[in-house]
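Visitor: My structure is below; once you've seen it, I'll send some questions.
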Amino acid sequence: MARKEYSFYPGCSSERKASASNYMVSVESMCKTLDIKLNEIPDWNCCGASIGYAEGGELPRHVMNARNIALSEKNFGNQDIVATCAACWLGAKESQERINHSETIFADINVILKDAGLKYEGKQKIRHMVEVLIEDLGYEELGKPVKKPLDGIKIAGYVGCQTNRPFGVDGESFESPKYLDKLVETVGGTPLEKYEEKVTCCGGALAFSEPEKSQAQIKKIIESAYDHGADMIVTPCPVCQMNVEVYQGQINKKYGTKFNIPVTYYSQLMAVAYGASAKEAGLDGNIVRATKLEEIAAKK
Amino acid sequence: MTDLNKVMVEKYRNDFLKEVEANVEEGNWVKMCMQCGVCSGSCPLGPHWEHPPQEIFMMIRAGKRDEVLRSESMWMCTSCYNCIVRCPRELPITHIMHGLANYAHRLGIAPKLNPTRRFAKMFWNNITAGGRVNELKLSVGLYFMDGFASGIKKGLEMLPVGLGMLKTGRLNPFGLFSGGHCKGAGDIRKMIKKAKEIEDKRKGFAA
């Protein structure tokens with residue numbers, strides 16, 4: 001039996017050939033090393049994301065999340081629900097809070113789910129993968145399997161918004177959370193001592209609808225990482241990862257900058273440090289190649 | 001003016017605060033605002049709001065119904081939740097802004113051309129069609145939002161990004177032809193429909 005076992009909500013971006021498919025690849029590798037078993041919620045659906053409110057309203061949005069929670073309860077009973085995506089985690093947690101807080105919404109939800117043969121109880125904890133790592137295992141335990149420390153790599157810990165606000169990780173501040181830096185240290189990398197844009201918003205979904213306004217945000221996030229000598233940026237959120245990585249070319253064109261900085265997931269750093277190959281760590285999914293990580297992964 | 005909007009104007013007369021409290025998500029918090037301005041100062045897109053959150057709260061109390069609901073302001077929210085965690089009175093500001101935007105959209109008086117309103121609508125239709133996001137359909141839909149010619153232009157601008165995603169296996173080239181991903185997509189659509197009916201009834205939106 002695995003050391004830890006959870007009900008798992010991977011989310012849309014983690015699917016094969018989707019924008020964060022490489023995040024999923026690296027999570028699988030990391031969890032294998034740590035002996036964590038993830039039981040995927042059968043036929044899970046989208047959480048509605050942060051932009052779903054405009055057309056979805058309240059109850060339809062909560063129904064989307066309630067279906068996932070009910071499916072988890074049905075299949076994996078009392079296991080905590082773990083999400084790797086910041087928006088999935090936030091959406092599910094937010095809906096659970098609202099539904100449990102109101103008898104009316106709770107009753108409405110169950111009337112709606114009943115037709116599909118489902119029942120919502122909402123008793124399970126909904127957690128981000130990062131919480132599982134640092135709360136259920138702890139930094140010391142996470143450091144034990146390190147075979148190839150990320151010596152000499154300077155990494156900007158970009159936490160962003162939705163794994164940090166409004167819920168955040170227990171014991172961390174909203175303005176300057178430290179867990180990502182501690183994870184970097186745990187795998188032998190060097191976190192930035194100072195990083196002003198650590199919790200700055202990348203624009204989220206507005207990167208699509210208001211690209212200029214979002215790219216001005218992204219520019220600040222990258223510039224600050226460069227200013228403090230970072231070799232790469234690391235993040236726990238698929239939207240942050242994509243926004244900060246893929247628009248570098250457009251930003252360079254517009255502002256005359258020469259950005260070309262890799263943006264990785266914490267799970268990629270951990271997978272490489274644990275001895276995974278570049279492919280197992282999903283490094284082939286990075287558009288701006290994380291060459292320093294690739295070199296370490298290639299070492300025997 | 002759409003019918004629902006007329007109904008609401010008649011029903012609440014000049015009491016916009018009461019209307020917001022009854023119909024807008026978390027609207028009952030609005031009267032708790034003490035006008036400190038921390039929310040406005042904390043918003044990443046703050047300078048782009050015609051009326052930042054602090055102003056919106058005061059305008060609601062002052063009965064500026066049209067100025068609030070027809071504003072582009074709330075559509076600038078990136079859902080970063082900075083305002084929520086910094087508000088000294090712990091108002092769920094992000095949700096109130098979402099709620100106002102959703103209400104204006106529902107009444108049919110939100111700015112027609114606002115790109116975030118249109119994108120949000122496309123997104124919701126995208127996820128409720130198959131249960132999960134179809135990223136290719138969503139991006140292509142976004143580029144072609146303003147017609148074919150401008151779609152081609154935007155598509156070409158975005159081509160390097162798209163090719164990067166494709167090359168690294170993060171975009172499904174056949175996404176345009178594949179349908180929904182969830183086996184329970186039909187169930188999901190039924191559930192959403194029912195949820196909408198219940199919500200409309202509770203808020204007095206139903207005919």
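A note on labels: chains of the structure tokens are A, B, ... as shown, every chain counts residues from 1, and ligands are counted from 1 in their shown order.
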Kindly provide, as a ChimeraX atom specification, the residues of chain B having any atom no farther than 7 Å from an atom of chain A, counting only C-alpha atoms.

Guide: /B:44,78-82,84-85,98,101-102,115-117,119-121,123-124,127,131-133,161,164,168-172,182-183,187,191-192,194-196,199

Visitor: Hey, what's within 12 Å of Thr257 of chain A if we count only C-alpha atoms and toss same-chain stuff fewer than 4 positions away? As a PyMOL selection string, please?

Guide: chain A and resi 219-220+222-223+226+248-253+261

Visitor: How would the residues just chosen look if you wrote them out with C-alpha atoms as a short mmCIF file (atom, residue, chain, number, x, y, z; two decimals), in the first residue's frame?

Guide:
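Written out: again09.cif:
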data_model
loop_
_atom_site.label_atom_id
_atom_site.label_comp_id
_atom_site.auth_asym_id
_atom_site.auth_seq_id
_atom_site.Cartn_x
_atom_site.Cartn_y
_atom_site.Cartn_z
CA LYS A 219 6.55 41.96 -17.93
CA LYS A 220 6.90 43.11 -14.30
CA ILE A 222 9.76 38.53 -15.47
CA GLU A 223 11.75 41.73 -15.10
CA TYR A 226 15.93 38.92 -14.04
CA GLN A 248 7.59 36.37 -23.80
CA GLY A 249 7.96 36.70 -27.59
CA GLN A 250 5.06 39.13 -27.89
CA ILE A 251 6.33 41.17 -24.94
CA ASN A 252 9.80 41.33 -26.51
CA LYS A 253 8.28 42.61 -29.72
CA ILE A 261 13.51 32.71 -19.19
#

Visitor: For a quick check of understanding, using only C-alpha atoms, which of B:Lys31, B:His51, B:Arg189, B:Lys64 has the smallest distance to Asn14 of chain B?

Guide: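 Comparing B:Lys31, B:His51, B:Arg189, B:Lys64 against Asn14 of chain B, the winner is B:Lys64.
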
Visitor: Would you pick out the contacts of segment 154-156 of chain A at 9 Å or less, using only C-alpha atoms, so that residues sharing its chain but fewer than 5 positions from it are not included, and give the list as a list in words?

Guide: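 Listed by chain and then number, they are Asp181, Val184, Gly189, Thr190, Pro191, Leu192, Glu193, Lys194, Tyr195, Lys198, Ser224, Ala225, Tyr226, His228, Gly229, Ala230, Asp231, Met232, Ile233, Val234 and Thr235 of chain A.
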
Visitor: Could the residues in this selection be saved with all heavy atoms as a short mmCIF file (atom, residue, chain, number, x, y, z; two decimals), in the first residue's frame?

Guide:
data_model
loop_
_atom_site.label_atom_id
_atom_site.label_comp_id
_atom_site.auth_asym_id
_atom_site.auth_seq_id
_atom_site.Cartn_x
_atom_site.Cartn_y
_atom_site.Cartn_z
N ASP A 181 9.88 28.96 -1.95
CA ASP A 181 11.32 29.12 -1.72
C ASP A 181 11.88 27.96 -0.89
O ASP A 181 12.97 27.46 -1.15
CB ASP A 181 11.61 30.45 -1.00
CG ASP A 181 11.27 31.64 -1.89
OD1 ASP A 181 11.29 31.48 -3.13
OD2 ASP A 181 10.97 32.72 -1.34
N VAL A 184 12.28 25.00 -3.08
CA VAL A 184 13.47 25.15 -3.91
C VAL A 184 14.72 24.76 -3.11
O VAL A 184 15.57 24.01 -3.58
CB VAL A 184 13.59 26.61 -4.44
CG1 VAL A 184 14.98 26.87 -5.02
CG2 VAL A 184 12.51 26.88 -5.49
N GLY A 189 18.25 23.88 -4.76
CA GLY A 189 18.35 25.10 -5.57
C GLY A 189 18.51 26.32 -4.67
O GLY A 189 18.46 26.22 -3.45
N THR A 190 18.73 27.47 -5.32
CA THR A 190 18.90 28.71 -4.56
C THR A 190 17.72 29.64 -4.82
O THR A 190 17.56 30.13 -5.94
CB THR A 190 20.20 29.44 -4.98
OG1 THR A 190 21.26 28.46 -5.00
CG2 THR A 190 20.54 30.58 -4.05
N PRO A 191 16.88 29.88 -3.81
CA PRO A 191 15.77 30.81 -4.02
C PRO A 191 16.26 32.26 -4.01
O PRO A 191 17.32 32.54 -3.45
CB PRO A 191 14.86 30.54 -2.82
CG PRO A 191 15.73 29.95 -1.77
CD PRO A 191 16.89 29.29 -2.47
N LEU A 192 15.51 33.15 -4.64
CA LEU A 192 15.87 34.57 -4.60
C LEU A 192 15.61 35.10 -3.20
O LEU A 192 14.59 34.78 -2.60
CB LEU A 192 15.03 35.38 -5.58
CG LEU A 192 15.19 35.09 -7.07
CD1 LEU A 192 14.46 36.15 -7.87
CD2 LEU A 192 16.65 35.02 -7.49
N GLU A 193 16.54 35.91 -2.69
CA GLU A 193 16.32 36.50 -1.38
C GLU A 193 15.22 37.53 -1.44
O GLU A 193 14.44 37.72 -0.52
CB GLU A 193 17.61 37.15 -0.88
CG GLU A 193 18.35 36.26 0.10
CD GLU A 193 19.72 36.81 0.41
OE1 GLU A 193 19.80 38.00 0.75
OE2 GLU A 193 20.70 36.04 0.28
N LYS A 194 15.18 38.22 -2.57
CA LYS A 194 14.19 39.27 -2.74
C LYS A 194 13.53 39.07 -4.10
O LYS A 194 14.21 38.80 -5.08
CB LYS A 194 14.92 40.62 -2.70
CG LYS A 194 14.11 41.72 -2.09
CD LYS A 194 14.93 42.99 -1.97
CE LYS A 194 13.95 44.15 -2.01
NZ LYS A 194 14.57 45.40 -2.36
N TYR A 195 12.21 39.15 -4.13
CA TYR A 195 11.50 39.03 -5.40
C TYR A 195 10.19 39.81 -5.26
O TYR A 195 9.20 39.29 -4.76
CB TYR A 195 11.26 37.55 -5.73
CG TYR A 195 10.59 37.29 -7.06
CD1 TYR A 195 10.75 38.17 -8.14
CD2 TYR A 195 9.79 36.18 -7.25
CE1 TYR A 195 10.14 37.93 -9.36
CE2 TYR A 195 9.16 35.92 -8.47
CZ TYR A 195 9.34 36.81 -9.51
OH TYR A 195 8.72 36.57 -10.72
N LYS A 198 6.57 38.48 -6.41
CA LYS A 198 6.25 37.11 -6.01
C LYS A 198 4.75 36.78 -6.06
O LYS A 198 4.36 35.70 -6.46
CB LYS A 198 6.77 36.89 -4.58
CG LYS A 198 6.54 35.51 -4.01
CD LYS A 198 7.13 35.40 -2.62
CE LYS A 198 8.51 34.80 -2.59
NZ LYS A 198 8.70 33.59 -3.37
N SER A 224 11.48 41.50 -12.71
CA SER A 224 11.94 41.40 -11.33
C SER A 224 12.78 40.13 -11.12
O SER A 224 13.78 40.15 -10.39
CB SER A 224 10.74 41.43 -10.39
OG SER A 224 11.13 41.19 -9.07
N ALA A 225 12.38 39.04 -11.78
CA ALA A 225 13.16 37.79 -11.66
C ALA A 225 14.56 38.00 -12.25
O ALA A 225 15.57 37.63 -11.64
CB ALA A 225 12.45 36.66 -12.40
N TYR A 226 14.63 38.63 -13.42
CA TYR A 226 15.93 38.92 -14.04
C TYR A 226 16.76 39.85 -13.15
O TYR A 226 17.96 39.64 -12.95
CB TYR A 226 15.74 39.59 -15.40
CG TYR A 226 15.65 38.62 -16.57
CD1 TYR A 226 14.54 38.63 -17.43
CD2 TYR A 226 16.68 37.72 -16.86
CE1 TYR A 226 14.46 37.76 -18.52
CE2 TYR A 226 16.61 36.86 -17.95
CZ TYR A 226 15.50 36.88 -18.77
OH TYR A 226 15.43 36.04 -19.85
N HIS A 228 16.99 40.18 -10.10
CA HIS A 228 17.61 39.53 -8.94
C HIS A 228 18.43 38.31 -9.35
O HIS A 228 18.76 37.48 -8.51
CB HIS A 228 16.55 39.19 -7.91
CG HIS A 228 15.89 40.40 -7.34
ND1 HIS A 228 16.53 41.29 -6.51
CD2 HIS A 228 14.64 40.93 -7.53
CE1 HIS A 228 15.72 42.29 -6.20
NE2 HIS A 228 14.57 42.09 -6.81
N GLY A 229 18.72 38.20 -10.63
CA GLY A 229 19.67 37.19 -11.09
C GLY A 229 19.13 35.78 -11.25
O GLY A 229 19.90 34.82 -11.24
N ALA A 230 17.82 35.65 -11.42
CA ALA A 230 17.25 34.30 -11.52
C ALA A 230 17.59 33.64 -12.85
O ALA A 230 17.67 34.29 -13.89
CB ALA A 230 15.73 34.37 -11.37
N ASP A 231 17.83 32.31 -12.80
CA ASP A 231 18.02 31.52 -14.02
C ASP A 231 16.68 31.04 -14.56
O ASP A 231 16.55 30.75 -15.74
CB ASP A 231 18.87 30.27 -13.72
CG ASP A 231 20.24 30.65 -13.23
OD1 ASP A 231 20.92 31.42 -13.92
OD2 ASP A 231 20.64 30.18 -12.14
N MET A 232 15.73 30.88 -13.64
CA MET A 232 14.40 30.43 -14.07
C MET A 232 13.37 30.83 -13.04
O MET A 232 13.69 31.26 -11.94
CB MET A 232 14.38 28.91 -14.28
CG MET A 232 14.59 28.10 -13.03
SD MET A 232 14.50 26.33 -13.36
CE MET A 232 15.99 26.07 -14.31
N ILE A 233 12.10 30.70 -13.47
CA ILE A 233 10.98 31.02 -12.58
C ILE A 233 10.28 29.70 -12.27
O ILE A 233 10.18 28.83 -13.14
CB ILE A 233 10.02 32.01 -13.27
CG1 ILE A 233 10.73 33.35 -13.52
CG2 ILE A 233 8.74 32.22 -12.45
CD1 ILE A 233 9.93 34.34 -14.35
N VAL A 234 9.80 29.55 -11.03
CA VAL A 234 9.03 28.35 -10.70
C VAL A 234 7.67 28.78 -10.16
O VAL A 234 7.55 29.83 -9.51
CB VAL A 234 9.77 27.45 -9.68
CG1 VAL A 234 9.96 28.16 -8.35
CG2 VAL A 234 9.04 26.14 -9.48
N THR A 235 6.63 28.02 -10.46
CA THR A 235 5.29 28.38 -10.03
C THR A 235 4.46 27.13 -9.70
O THR A 235 4.73 26.05 -10.22
CB THR A 235 4.58 29.22 -11.12
OG1 THR A 235 3.24 29.47 -10.73
CG2 THR A 235 4.57 28.53 -12.46
#

Visitor: So the first atom is atom CA of Asn126 of chain B and the second is atom CA of Asn100 of chain A; what is the distance between them in Å, to one decimal place?

Guide: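 Between atom CA of Asn126 of chain B and atom CA of Asn100 of chain A the gap works out to 27.9 Å.
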
Visitor: Using backbone DSSP assignments, extract all alpha helix (DSSP H) residues from segment 31-80 of chain B; output them as a PyMOL selection string.

Guide: chain B and resi 38-42+53-61+65-69

Visitor: Using only C-alpha atoms, which of the listed residues (A:Met24, A:Leu269, A:Val187, A:Val130) sits closest to Pro149 of chain A?

Guide: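 For Pro149 of chain A, the nearest of the given residues is A:Val187.
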